[in-house]
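Colleague: After the structure tokens below, expect a handful of questions from me.
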Amino acid sequence: MSSLDIDDFTDLIERPDGGVRRDAEAHRERRVVPPGALGRLDDLGEWLAAAQSAVPVRPIERPRVVLFAGDHGIAELGVSARPAGSAVELVREVLAGGRPVSVLARRLGVPVRVVDMALDCDPGELPEDVVRHRVRRGSGRIDIEDALSPEEAEAAFRAGMAVADEEADSGTDLVVLGDVSVGGTTAAGVLVAALCGTDASVVTGRGGLAIDDLAWMRKCAAIRDALRRARPVLGDQLRLLATVGGADLTAMTGFLLQAAVRKTPVVLDGVVTAACALVAQRVAFRSPDWWLAAHASGEPGQAKALDRMALEPLLSQGVTVGEGTGALLALPLVQSAAALAAELPERPAEPVKSA
């Protein structure tokens with residue numbers, strides 16, 4: 001299909017340092033707090049230590065929110081509560097500081113980066129640093145046509161890889177990953193259903209802005225029809241993304257794999273990021289060791305994908321808004337785990353009794 005051989009990621013991606021993780025576990029046993037008293041915070045600290053190859057773990061000092069944006073042609077069928085082609089309005093609100101992720105990012109002091117891959121607007125409407133990786137204007141209607149051409153799929157995948165390299169080279173030490181899309185949860189549902197071998201109804205959720213029952217039935221039918229087109233190409237993950245994914249989802253998959261190559265930990269947001277992670281896992285089975293599942297959004301497709309990857313969400317707050325919001329909520333938890341692992345003192349050594 002292309003000159004890009006994504007099977008190379010299987011050899012390029014290594015697991016986080018197991019020896020360092022064992023050292024972190026030994027360090028935990030010596031701390032003043034009894035083992036197990038901090039629950040999952042201990043596990044988080046040890047995961048970070050292995051990812052950083054450092055004991056004690058270093059603090060998370062340069063996190064970044066990265067949002068991949070795009071419109072999906074499938075939204076024309078009324079599967080979303082938002083009008084087809086309106087994702088650019090959400091992007092403008094994110095950039096202007098008016099979305100939930102913008103508010104949280106300001107409060108936490110975390111920069112937000114938006115990467116336009118397929119918004120349905122003139123690129124001149126947005127800043128150059130947002131649109132410079134764009135592949136096309138909107139992705140195809142996946143129930144009747146491919147989301148992308150083979151060339152567009154490769155370009156989107158390479159763009160995601162490039163963004164991962166840019167973040168790693170700039171010193172980003174943890175990425176909070178999300179999407180800004182209209183119709184994206186439908187494409188994500190198709191990917192999850194195809195890769196998990198389930199029916200459309202099992203993965204069809206209500207979306208970020210909840211849809212009514214009639215829209216849910218339209219969404220379920222759209223996923224069913226796209227699923228028929230996805231099944232014949234399951235053996236080729238890049239072709240699968242071209243067939244039923246979209247430019248933003250394809251870029252996100254490339255980003256996740258290259259971030260694992262660069263040993264950059266990633267916090268996953270909702271069903272869209274989970275679907276891309278599931279595709280990435282199919283490409284390189286060690287890649288999920290570099291990711292955290294931030295929260296349970298209530299989307300059935302997300303739950304299915306996370307279960308398949310054995311990733312347990314850190315939080316459950318019922319956040320469905322997307323755009324990295326739920327993932328950003330988990331950041332203070334990860335930073336707290338790092339601080340506790342690094343700064344809690346060890347117990348004083350017991351004196352040796354004389355004979």
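Just remember, in the structure tokens the first chain shown is A, the second B, etc., residues are 1-based per chain, and ligands are 1-based in the order shown.
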Run DSSP on the backbone and tell me which residues of stretch 113-302 of chain A come out as strand (DSSP E or B); list them as an NGL selection string.
Modeller: :A and (113-118 or 139 or 174-182 or 266-268 or 291-293 or 295)
Colleague: Give the answer as one residue: which of A:Asp225, A:Glu29, A:Asp169, A:Asp5 has the shortest atom-to-atom distance to A:Phe157, using only C-alpha atoms?
Modeller: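 Checking each candidate against A:Phe157, we get A:Asp5 as the closest.
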Colleague: Mind the document's chain letters and residue numbers, and return as a VMD selection string the residues of stretch 163-332 of chain A that DSSP labels alpha helix (DSSP H).
Modeller: chain A and resid 163 to 169 184 to 196 200 to 203 213 to 230 237 to 244 247 to 261 271 to 283 300 to 309 325 to 332
Colleague: So the first atom is atom CA of A:Gly183 and the second is atom CA of A:Asp146; what is the distance between them in Å, to one decimal place?
Modeller: 14.6 Å
Colleague: So how far away is atom CA of A:Ala274 from atom CA of A:Val182, in Å?
Modeller: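 So the answer is 16.5 Å.
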Colleague: Pick the closest to A:Arg62 from A:Glu346, A:Asp42, A:Glu167, A:Glu152: which is it, counting only C-alpha atoms?
Modeller: A:Glu167
Colleague: Between atom CA of A:Val114 and atom CA of A:Arg141, what is the spacing in Å?
Modeller: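 Result for atom CA of A:Arg141 versus atom CA of A:Val114: 23.4 Å, one decimal.
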Colleague: Which residues come within 10 Å of A:Leu238, counting only C-alpha atoms, excluding same-chain residues fewer than 3 positions away, as a VMD selection string?
Modeller: chain A and resid 1 to 2 4 to 6 150 153 to 154 157 233 to 235 241 to 243 245 250 253 to 254 279 to 280 283
Colleague: Considering only C-alpha atoms, return as a VMD selection string whatever protein or nucleic-acid residues lie within 10 Å of A:Gln335, sequence-local ones (same chain, fewer than 5 positions apart) excluded.
Modeller: chain A and resid 41 44 to 45 48 58 to 61 63 330 340 to 341
Colleague: What are the closest atom pairs, with distances in Å to one decimal, for all residues of stretch 252-286 of chain A lying within 8 Å of stretch 51-57 of chain A? Consider only C-alpha atoms, order rows by chain and residue number, and present the result as a tab-separated table.
Modeller:
residue	atom	partner	partner_atom	distance
A:Lys263	CA	A:Ala51	CA	6.7
A:Thr264	CA	A:Ala51	CA	7.6
A:Pro265	CA	A:Ala51	CA	6.9
Colleague: Just the selected residues (N, CA, C and O atoms), exported as a PDB file, in the first residue's frame, please.
Modeller:
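And here's out.pdb as it stands now:
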ATOM      1  N   LYS A 263      10.183   6.788  24.023  1.00  0.00           N
ATOM      2  CA  LYS A 263      10.058   6.566  25.466  1.00  0.00           C
ATOM      3  C   LYS A 263       9.402   7.750  26.173  1.00  0.00           C
ATOM      4  O   LYS A 263       9.804   8.160  27.268  1.00  0.00           O
ATOM      5  N   THR A 264       8.374   8.280  25.517  1.00  0.00           N
ATOM      6  CA  THR A 264       7.584   9.374  26.081  1.00  0.00           C
ATOM      7  C   THR A 264       6.274   8.813  26.606  1.00  0.00           C
ATOM      8  O   THR A 264       5.468   8.303  25.835  1.00  0.00           O
ATOM      9  N   PRO A 265       6.019   8.869  27.909  1.00  0.00           N
ATOM     10  CA  PRO A 265       4.748   8.353  28.439  1.00  0.00           C
ATOM     11  C   PRO A 265       3.567   9.186  27.971  1.00  0.00           C
ATOM     12  O   PRO A 265       3.669  10.408  27.805  1.00  0.00           O
TER      13      PRO A 265
END
Colleague: Residues within 12 Å of stretch 310-320 of chain A, please, as number ranges by chain. Count only C-alpha atoms; anything in the same chain fewer than 3 positions from it doesn't count.
Modeller: A: 39-41, 43-44, 100-101, 178, 185, 205-211, 267-272, 274, 277-278, 281, 285, 287-300, 302-307, 323-334, 337
Colleague: Looking at only C-alpha atoms, which of A:Ser86, A:Ser80, A:Ser336, A:Thr172 is the one that sits closest to A:Arg64?
Modeller: A:Thr172
Colleague: Of the candidates A:Val131, A:Arg224, A:Arg99, A:Gly184, which shows the shortest atom-to-atom distance to A:Arg82, using only C-alpha atoms?
Modeller: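 Nearest candidate to A:Arg82 out of A:Val131, A:Arg224, A:Arg99, A:Gly184: A:Gly184.
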Colleague: Find the residue from A:Val88, A:Val130, A:Met161, A:Leu249 that sits nearest to A:Cys276; use only C-alpha atoms when measuring.
Modeller: A:Leu249
Colleague: Residues near A:Ala251, anyone? I mean within 7 Å using only C-alpha atoms, not counting same-chain ones fewer than 6 positions away, as a PDB file with N, CA, C and O atoms, in the first residue's frame.
Modeller:
ATOM      1  N   ALA A 156      -0.773  11.143   6.971  1.00  0.00           N
ATOM      2  CA  ALA A 156      -1.307  11.389   8.309  1.00  0.00           C
ATOM      3  C   ALA A 156      -0.519  10.622   9.365  1.00  0.00           C
ATOM      4  O   ALA A 156      -0.201  11.163  10.440  1.00  0.00           O
ATOM      5  N   PHE A 157      -0.197   9.384   9.074  1.00  0.00           N
ATOM      6  CA  PHE A 157       0.565   8.563  10.019  1.00  0.00           C
ATOM      7  C   PHE A 157       1.938   9.192  10.267  1.00  0.00           C
ATOM      8  O   PHE A 157       2.389   9.305  11.409  1.00  0.00           O
ATOM      9  N   ALA A 159       2.708  12.286   9.888  1.00  0.00           N
ATOM     10  CA  ALA A 159       2.517  13.539  10.612  1.00  0.00           C
ATOM     11  C   ALA A 159       2.434  13.281  12.117  1.00  0.00           C
ATOM     12  O   ALA A 159       3.019  14.022  12.919  1.00  0.00           O
ATOM     13  N   GLY A 160       1.704  12.238  12.496  1.00  0.00           N
ATOM     14  CA  GLY A 160       1.634  11.876  13.908  1.00  0.00           C
ATOM     15  C   GLY A 160       2.997  11.527  14.478  1.00  0.00           C
ATOM     16  O   GLY A 160       3.352  11.928  15.598  1.00  0.00           O
TER      17      GLY A 160
END
Colleague: For A:Leu257, which residue among A:Leu344, A:Ala162, A:Leu195, A:Val79 is the nearest when counting only C-alpha atoms?
Modeller: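 Closest residue, counting only C-alpha atoms: A:Ala162.
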